[in-house]
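All remarks here apply to the structure that follows.
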Amino acid sequence: MNPPRLSIAFLFLLSWLGVFAQTQFGGFRELLGVPFSILPALIAYSALTHGLWTTTALAVATGLWVDSLSASKLGVSVAPHFFVALLLHLRSHLILRDQRYAQFWIGFGSGTAIHVLVLLLLSAGQREPLNGWATFWQIPLMSLMNGIACPAAFILFDALGLAFDYRPVTQSSFRSDRQTVRGRHDRIH
Amino acid sequence: MLKRPHYLALGGTLVLLLALLNLPASVAERLKLVVSGSFLPLFGLRSATHSFLDRASYQLLPRSVLIEELVKARKEISDLQANLLQSQDAIGENARLRAALGNPPKGPWNRRFARVIGRDSTTWWRTLRIDLGSRDGIQPNQVVMTAAGLVGRVSQVGLTHSDVALVGDAECGVSVVVRETRDQGIIKAGQASSSEGGFVELSLLQNSPDVMAGQTILTSGLGGVFPSGIPVGVIQDSRAMEGGLFTTARVRLSAALNRLEEVWVLQP
């Protein structure tokens with residue numbers, strides 16, 4: 001398996017586990033009032049470092065996975081994930097993605113945008129989602145989690161790349177055809 | 001600047017989205033079960049890990065603690081047996097009175113133990129998932145409760161798991177009665193965060209000045225889903241609304257919905 005494919009497989013695996021994690025950790029949810037959320041950060045990471053089709057597939061799969069473990073209508077979460085991913089992918093050349101603070105704000109912004117868009121779409125449906133004053137606490141908190149998760153994703157995938165990628169062979173300054181041989185009759189090749 | 005691949009991705013996703021959102025409800029539910037089936041290995045792993053940890057903790061418990069628990073359990077059993085004797089007399093009397101009035105007799109609750117294996121992946125709904133499904137005889141609308149009180153009703157059933165809409169979710173309206181005053185009302189959907197500690201809003205059907213904090217809310221049996229007499233919660237505070245036309249109250253739920261590990265499903 002070549003490294004980009006490994007990276008893509010790992011990205012999908014992490015998203016799958018991230019969706020499952022959102023349904024677990026009851027203590028965390030009870031303490032903070034929100035589920036464990038890192039998916040927008042992974043979508044943002046994918047949009048900035050991977051191709052369009054990988055990012056699209058990840059956004060669609062993540063949206064479907066989230067809806068399948070929720071009471072939301074199947075497909076509602078796909079659109080917010082995809083539009084945020086597409087927007088980031090289109091502007092990826094303008095974003096300082098190697099800077100940690102930029103990664104933080106990209107994760108934070110993606111978290112906010114995706115959660116607000118999902119809430120708006122759900123509100124437009126037949127069933128009124130649970131929202132109230134607590135929403136003003138929940139969305140910033142989930143955005144903060146994604147703000148932290150985004151640089152963490154960059155660090156993790158960089159480490160994965162270093163661990164599994166073929167490293168480039170370092171060029172030595174020594175060249176045999178430029179060797180100077182000292183002797184009675186000095187000759188320089 | 002959008003290029004051809006971007007248009008293709010955008011168009012493909014929009015078509016998929018429109019197809020999904022316009023699916024008939026039954027097909028969408030089945031598709032949802034298929035997609036959520038990809039998480040079955042993780043749910044299985046979670047259950048296995050919990051069972052292993054439970055067994056390990058039992059083996060690590062010191063003998064003195066076990067003996068202490070045994071003595072406590074024996075005392076509780078003897079207390080409950082005394083209560084049962086007293087209750088059986090009341091149950092018999094109730095059955096005779098119901099028969100005299102021509103009402104059908106109330107059968108005992110047929111409880112099925114279930115483990116909670118997950119919660120809703122979003123914050124926008126109040127649902128959880130249990131480890132019993134259609135192969136265990138679970139059907140939609142069966143009542144879910146704990147020893148403390150009402151939890152909700154089964155909203156969706158898969159082969160090996162079911163989703164439960166909790167009290168306070170939009171899918172789980174409950175017709176209730178105030179035990180002390182017999183005032184009737186409905187539990188509405190409402191936001192409950194950790195800071196609010198599991199509150200729901202009760203709308204009473206008429207202005208009820210006698211309703212006050214500390215009174216107990218029970219299911220009324222109206223609506224046909226929930227049998228009567230299941231504890232729902234305790235009134236925290238109440239206020240008159242719409243110029244005194246009706247009363248609303250904040251109710252603290254009896255069952256700790258955020259900390260549920262095991263529940264009972266009531267089966268016919």
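The way I read the labels, and the way they are meant: chains A, B, ... in the order of the structure tokens, residue 1 as the first residue of every chain, and ligand 1 as the first ligand shown, with later ones counted on from there.
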Counting only C-alpha atoms, which residues of region 65-106 of chain A fall within 6 Å of region 37-55 of chain A, and what is the closest atom pair for each with its distance in Å at one decimal, ordered by chain and rising number, as a tab-separated table?
residue	atom	partner	partner_atom	distance
A:Ala85	CA	A:Ala47	CA	5.4
A:Leu88	CA	A:Ala47	CA	5.8
A:His89	CA	A:Ala47	CA	4.7
A:Ser92	CA	A:Leu48	CA	5.4
Practice prompt. Using only C-alpha atoms, find the residues of chain A whose closest atom to chain B is at most 9 Å away, then write them as an MDAnalysis selection string.
Written response: chainID A and resid 16:17 19:27 29:36 52:53 56 60 64:76 78:79 82:83 86 90 119 122 127:135 138
Generate a file of the selected residues that holds N, CA and C atoms, formatted as a compact mmCIF listing (two decimals), in the first residue's frame.
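Saved result, again_2.txt, follows:
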# COMPACT_ATOMS: atom_id res chain seq x y z
N TRP A 16 -14.64 7.31 11.05
CA TRP A 16 -15.58 6.26 11.48
C TRP A 16 -15.56 6.12 13.00
N LEU A 17 -14.34 6.10 13.54
CA LEU A 17 -14.21 6.02 15.00
C LEU A 17 -14.72 7.29 15.67
N VAL A 19 -17.18 9.20 14.63
CA VAL A 19 -18.66 9.15 14.67
C VAL A 19 -19.11 8.26 15.82
N PHE A 20 -18.45 7.12 15.97
CA PHE A 20 -18.80 6.21 17.07
C PHE A 20 -18.55 6.89 18.42
N ALA A 21 -17.43 7.62 18.49
CA ALA A 21 -17.09 8.30 19.76
C ALA A 21 -18.16 9.32 20.14
N GLN A 22 -18.81 9.90 19.13
CA GLN A 22 -19.88 10.87 19.42
C GLN A 22 -21.05 10.25 20.17
N THR A 23 -21.22 8.93 20.03
CA THR A 23 -22.33 8.27 20.72
C THR A 23 -21.92 7.70 22.07
N GLN A 24 -20.64 7.80 22.39
CA GLN A 24 -20.13 7.22 23.63
C GLN A 24 -19.74 8.33 24.62
N PHE A 25 -18.99 7.95 25.63
CA PHE A 25 -18.47 8.89 26.63
C PHE A 25 -19.59 9.69 27.30
N GLY A 26 -20.49 8.94 27.96
CA GLY A 26 -21.62 9.57 28.64
C GLY A 26 -21.18 10.58 29.70
N GLY A 27 -20.07 10.28 30.38
CA GLY A 27 -19.57 11.19 31.42
C GLY A 27 -19.15 12.53 30.83
N ARG A 29 -20.25 13.84 28.05
CA ARG A 29 -21.48 14.51 27.60
C ARG A 29 -22.22 15.12 28.79
N GLU A 30 -22.23 14.38 29.90
CA GLU A 30 -22.93 14.88 31.07
C GLU A 30 -22.23 16.10 31.65
N LEU A 31 -20.89 16.05 31.61
CA LEU A 31 -20.10 17.15 32.17
C LEU A 31 -20.23 18.43 31.34
N LEU A 32 -20.10 18.29 30.02
CA LEU A 32 -20.06 19.47 29.16
C LEU A 32 -21.36 19.74 28.40
N GLY A 33 -22.23 18.74 28.36
CA GLY A 33 -23.51 18.93 27.66
C GLY A 33 -23.40 18.77 26.16
N VAL A 34 -22.26 18.30 25.66
CA VAL A 34 -22.08 18.10 24.21
C VAL A 34 -21.37 16.78 23.97
N PRO A 35 -21.59 16.17 22.80
CA PRO A 35 -20.83 14.95 22.50
C PRO A 35 -19.41 15.28 22.08
N PHE A 36 -18.57 14.26 22.10
CA PHE A 36 -17.18 14.40 21.67
C PHE A 36 -17.19 14.64 20.16
N LEU A 52 -9.90 16.46 -4.23
CA LEU A 52 -11.33 16.79 -4.20
C LEU A 52 -12.20 15.56 -3.97
N TRP A 53 -11.86 14.45 -4.66
CA TRP A 53 -12.73 13.27 -4.59
C TRP A 53 -12.63 12.60 -3.24
N THR A 56 -14.63 14.81 -0.91
CA THR A 56 -16.08 14.65 -1.15
C THR A 56 -16.58 13.33 -0.56
N VAL A 60 -19.33 12.97 2.47
CA VAL A 60 -20.58 12.23 2.28
C VAL A 60 -20.67 11.08 3.28
N LEU A 64 -23.40 10.66 6.35
CA LEU A 64 -24.30 9.50 6.43
C LEU A 64 -24.09 8.75 7.75
N TRP A 65 -22.85 8.59 8.16
CA TRP A 65 -22.58 7.89 9.42
C TRP A 65 -23.21 8.63 10.61
N VAL A 66 -23.02 9.95 10.62
CA VAL A 66 -23.57 10.75 11.74
C VAL A 66 -25.09 10.60 11.79
N ASP A 67 -25.74 10.72 10.62
CA ASP A 67 -27.21 10.61 10.59
C ASP A 67 -27.70 9.22 10.95
N SER A 68 -26.90 8.19 10.60
CA SER A 68 -27.36 6.82 10.89
C SER A 68 -27.38 6.53 12.38
N LEU A 69 -26.57 7.27 13.16
CA LEU A 69 -26.56 7.06 14.61
C LEU A 69 -27.29 8.19 15.34
N SER A 70 -28.17 8.84 14.61
CA SER A 70 -28.90 9.96 15.20
C SER A 70 -30.36 9.86 14.77
N ALA A 71 -31.19 10.66 15.41
CA ALA A 71 -32.61 10.67 15.03
C ALA A 71 -32.85 11.60 13.83
N SER A 72 -31.79 12.22 13.32
CA SER A 72 -31.94 13.11 12.16
C SER A 72 -32.31 12.32 10.92
N LYS A 73 -32.91 13.02 9.96
CA LYS A 73 -33.25 12.37 8.68
C LYS A 73 -31.95 12.05 7.95
N LEU A 74 -31.91 10.87 7.34
CA LEU A 74 -30.68 10.45 6.66
C LEU A 74 -30.34 11.41 5.52
N GLY A 75 -29.15 11.98 5.55
CA GLY A 75 -28.70 12.89 4.49
C GLY A 75 -28.60 14.34 4.93
N VAL A 76 -29.23 14.67 6.06
CA VAL A 76 -29.24 16.08 6.51
C VAL A 76 -27.82 16.58 6.79
N VAL A 78 -25.07 15.57 5.45
CA VAL A 78 -24.14 15.46 4.30
C VAL A 78 -23.84 16.85 3.73
N ALA A 79 -24.89 17.62 3.52
CA ALA A 79 -24.72 18.92 2.86
C ALA A 79 -23.77 19.86 3.62
N PHE A 82 -20.20 18.65 3.28
CA PHE A 82 -19.68 18.78 1.92
C PHE A 82 -19.40 20.24 1.56
N PHE A 83 -20.32 21.15 1.89
CA PHE A 83 -20.13 22.55 1.48
C PHE A 83 -18.93 23.18 2.20
N LEU A 86 -15.87 21.70 0.50
CA LEU A 86 -15.65 22.26 -0.85
C LEU A 86 -15.10 23.68 -0.76
N LEU A 90 -11.48 24.80 -2.19
CA LEU A 90 -11.34 25.83 -3.22
C LEU A 90 -10.38 26.93 -2.79
N LEU A 119 -28.04 22.58 12.24
CA LEU A 119 -29.16 23.04 13.06
C LEU A 119 -30.20 23.78 12.21
N LEU A 122 -32.09 21.22 10.13
CA LEU A 122 -33.03 20.46 10.96
C LEU A 122 -34.23 21.32 11.34
N ARG A 127 -39.69 18.12 12.23
CA ARG A 127 -39.48 17.99 13.69
C ARG A 127 -38.56 19.09 14.17
N GLU A 128 -38.97 19.74 15.25
CA GLU A 128 -38.16 20.83 15.80
C GLU A 128 -37.04 20.24 16.66
N PRO A 129 -35.77 20.52 16.30
CA PRO A 129 -34.69 19.98 17.14
C PRO A 129 -34.62 20.69 18.49
N LEU A 130 -33.94 20.05 19.45
CA LEU A 130 -33.81 20.65 20.78
C LEU A 130 -32.80 21.77 20.72
N ASN A 131 -33.25 22.98 20.79
CA ASN A 131 -32.29 24.09 20.88
C ASN A 131 -32.88 25.17 21.76
N GLY A 132 -31.99 25.85 22.42
CA GLY A 132 -32.42 26.90 23.35
C GLY A 132 -31.20 27.67 23.79
N TRP A 133 -31.24 28.16 25.00
CA TRP A 133 -30.09 28.94 25.49
C TRP A 133 -28.83 28.08 25.55
N ALA A 134 -29.01 26.78 25.81
CA ALA A 134 -27.85 25.89 25.91
C ALA A 134 -27.11 25.78 24.58
N THR A 135 -27.80 26.05 23.47
CA THR A 135 -27.16 25.96 22.15
C THR A 135 -26.01 26.96 22.04
N GLN A 138 -23.27 25.14 23.58
CA GLN A 138 -22.88 23.88 22.93
C GLN A 138 -22.09 24.10 21.64
Item to complete: From the DSSP assignment of the backbone, select every residue of region 77-239 of chain B that is helix (DSSP H, G or I), and format the answer as a PyMOL selection string.
Response: chain B and resi 77-101+134-136
Env of Arg153 (chain B): 10 Å cut, atoms = only C-alpha atoms, seq-sep filter 6 positions within chain, self excluded. Answer as a short mmCIF file (atom, residue, chain, number, x, y, z; two decimals) with C-alpha atoms, in the first residue's frame.
data_model
loop_
_atom_site.label_atom_id
_atom_site.label_comp_id
_atom_site.auth_asym_id
_atom_site.auth_seq_id
_atom_site.Cartn_x
_atom_site.Cartn_y
_atom_site.Cartn_z
CA THR B 127 -32.36 9.49 21.96
CA GLN B 139 -41.42 -3.42 18.71
CA PRO B 140 -41.91 0.32 18.13
CA ASN B 141 -43.67 2.26 20.90
CA GLN B 142 -42.78 -0.17 23.67
CA VAL B 143 -42.19 1.65 26.93
CA VAL B 144 -38.67 2.02 28.32
CA MET B 145 -38.14 2.73 32.02
CA ASP B 163 -33.44 3.45 19.29
CA VAL B 164 -35.30 4.97 22.21
CA ALA B 165 -36.78 8.48 22.10
CA LEU B 166 -36.31 9.88 25.60
CA VAL B 167 -38.81 11.89 27.61
CA GLU B 171 -40.82 12.13 19.28
CA CYS B 172 -41.88 11.31 22.84
CA GLY B 173 -44.80 13.35 24.09
CA VAL B 174 -46.15 11.97 27.36
CA VAL B 225 -48.52 4.22 24.64
CA PHE B 226 -47.57 4.58 28.30
CA VAL B 265 -38.40 -2.49 28.10
CA LEU B 266 -42.01 -3.22 28.96
#
Fill in: DSSP strand (DSSP E) residues within region 43-255 of chain B, listed as a PyMOL selection string
chain B and resi 110-119+127-130+143-145+150-157+162-166+174-178+184-188+199-204+216-219+231-241+246-253
Discussion item. Would you compute the distance between CA of Leu162 (chain A) and CA of Leu94 (chain A)? Give it in Å to one decimal.
Written reply: 25.5 Å
Worksheet item: Excluding same-chain residues fewer than 6 positions from region 140-157 of chain A, what lies within 6 Å of it counting only C-alpha atoms, as an MDAnalysis selection string?
Response: chainID A and resid 38 41 100 103:105 107:108 111:112
Worksheet item: Quick one: distance from CA of Glu242 (chain B) to CA of Gly125 (chain A) in Å, one decimal?
Response: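 Taking CA of Glu242 (chain B) and CA of Gly125 (chain A), their separation equals 27.6 Å.
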Worksheet item: Within 7 Å of Ser162 (chain B), counting only C-alpha atoms, which residues qualify if same-chain residues fewer than 3 places away don't, as a list in words?
Response: Arg129, Ile130, Asp131, Leu132, Gly133, Val154, Gln156, Val157 and Gly158 of chain B
For the residues in that selection, give me N, CA and C atoms as a PDB file, in the first residue's frame.
ATOM      1  N   ARG B 129     -29.552   4.302  22.314  1.00  0.00           N
ATOM      2  CA  ARG B 129     -29.631   3.010  21.625  1.00  0.00           C
ATOM      3  C   ARG B 129     -29.458   1.890  22.640  1.00  0.00           C
ATOM      4  N   ILE B 130     -30.310   0.872  22.541  1.00  0.00           N
ATOM      5  CA  ILE B 130     -30.212  -0.284  23.445  1.00  0.00           C
ATOM      6  C   ILE B 130     -29.846  -1.543  22.654  1.00  0.00           C
ATOM      7  N   ASP B 131     -29.402  -2.570  23.398  1.00  0.00           N
ATOM      8  CA  ASP B 131     -28.865  -3.757  22.719  1.00  0.00           C
ATOM      9  C   ASP B 131     -29.919  -4.833  22.450  1.00  0.00           C
ATOM     10  N   LEU B 132     -31.177  -4.473  22.391  1.00  0.00           N
ATOM     11  CA  LEU B 132     -32.230  -5.425  22.023  1.00  0.00           C
ATOM     12  C   LEU B 132     -32.893  -4.947  20.735  1.00  0.00           C
ATOM     13  N   GLY B 133     -33.197  -5.907  19.866  1.00  0.00           N
ATOM     14  CA  GLY B 133     -33.831  -5.547  18.593  1.00  0.00           C
ATOM     15  C   GLY B 133     -35.020  -6.416  18.282  1.00  0.00           C
ATOM     16  N   VAL B 154     -39.656   3.155  22.559  1.00  0.00           N
ATOM     17  CA  VAL B 154     -38.860   2.657  21.431  1.00  0.00           C
ATOM     18  C   VAL B 154     -39.338   3.370  20.167  1.00  0.00           C
ATOM     19  N   GLN B 156     -37.389   3.269  17.004  1.00  0.00           N
ATOM     20  CA  GLN B 156     -36.953   2.585  15.784  1.00  0.00           C
ATOM     21  C   GLN B 156     -36.334   1.250  16.177  1.00  0.00           C
ATOM     22  N   VAL B 157     -36.633   0.215  15.408  1.00  0.00           N
ATOM     23  CA  VAL B 157     -36.151  -1.118  15.780  1.00  0.00           C
ATOM     24  C   VAL B 157     -35.300  -1.710  14.664  1.00  0.00           C
ATOM     25  N   GLY B 158     -34.089  -2.120  15.020  1.00  0.00           N
ATOM     26  CA  GLY B 158     -33.231  -2.866  14.096  1.00  0.00           C
ATOM     27  C   GLY B 158     -33.238  -4.329  14.510  1.00  0.00           C
TER      28      GLY B 158
END
Fill in: Separation of CA of Ser77 (chain A) from CA of Ser110 (chain A) in Å
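Pair CA of Ser110 (chain A) / CA of Ser77 (chain A) returns 13.4 Å.
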Discussion item. Can you pull out the residues contacting Pro80 (chain A)? Cut-off 9 Å, using only C-alpha atoms, and skip same-chain residues under 4 positions away; I want them as a PyMOL selection string.
Written reply: chain A and resi 59+63+76+84-85+113-118+121
